[in-house]
Amino acid sequence: MQLPFPIVEEPDDISREKGRKLFVGSNADFLKGVVAMNGLPADDRIEVCFAGRSNVGKSSLINALTGRKGLARASNTPGRTQEINFFTLTESHYLVDLPGYGFANAPLSVVEKWQRLLKQYLQGRVSLRRAFVLIDSRHGVKDVDEEIMSLLDSAAVTFQVVMTKADKVKEKDRAKIMDQVRSKLSKHPAAFPEIVLTSSEKGDGIATLRALIANLV
């Protein structure tokens, strides 16, 4: 019997090379940061976005995917970056970095403004092919993660969970955490039925995620 939400398999050589070519360093570049819907670039190419609570390792993952350590910049203060950041991958893809959620110290007005912009973006972006929701492998799905998943459900945007920092999990804790993640995902109709396991530090899963993005149509 196959587990629900299995770990996605390693890509074949053709898919791996396709992903590598899309993400090779010279192809990735920062385009702009957006604070309102009228600032969005034209939706004329395939688009994927990355969402995750603060300190989940989102910037590290984007940098690992593109092979450029300083492309996405992490903030030491959760909730400080309130822009939707767009990166170009050749002329065929946008990679979109959504602001980290889970604002422990952000004013309510800032949180509400970010939430409105996020909802508008998710509901109105026809070129968005998939959202990747990042979950810290050490902690599993938190309440704030379920909030973004429910928002993606209501916006009818397919999302796929990417487990970050997989190398930091103790072996004895791995199965319990994955069971919790699978149980939570089973409640969300927009959840894609495979999980990506990654470590930005070790490079685990990076080729797999590149290949997934390169094969989206």
# chains A, B, ... in the order shown; residues from 1 in each chain; ligands from 1

$ select_by_dssp --residues "stretch 55-208 of chain A" --states "helix (DSSP H, G or I)" --output "VMD selection string"
chain A and resid 58 to 66 108 to 124 143 to 154 166 to 168 171 to 185 206 to 208

$ residues_around --residues "A:Gly19" --least-positions-apart "2" --cutoff "8 Å" --atoms "only C-alpha atoms" --output "JSON, numbers by chain"
{"A": [15, 16, 17, 21, 22, 23, 207, 210, 211, 212, 213, 214, 215]}

$ residues_around --residues "A:Trp114" --least-positions-apart "2" --cutoff "10 Å" --atoms "only C-alpha atoms" --output "list in words"
Val35, Ala36, Gly79, Gln82, Glu83, Ile84, Leu98, Pro99, Gly100, Tyr101, Leu108, Ser109, Val110, Val111, Glu112, Arg116, Leu117, Leu118, Lys119 and Gln120 of chain A

$ residues_around --residues "stretch 171-176 of chain A" --least-positions-apart "4" --cutoff "9 Å" --atoms "only C-alpha atoms" --output "PyMOL selection string"
chain A and resi 137-138+166+180-181

$ atom_distance --atom1 "atom CA of A:Arg68" --atom2 "atom CA of A:Met178"
29.7 Å

$ atom_distance --atom1 "atom CA of A:Ala51" --atom2 "atom CA of A:Leu134"
6.1 Å

$ select_by_dssp --residues "stretch 13-201 of chain A" --states "strand (DSSP E)" --output "JSON, numbers by chain"
{"A": [28, 29, 30, 31, 32, 33, 34, 46, 47, 48, 49, 50, 51, 52, 84, 85, 86, 87, 88, 89, 93, 94, 95, 96, 97, 128, 129, 130, 131, 132, 133, 134, 135, 136, 159, 160, 161, 162, 163, 164, 196, 197]}
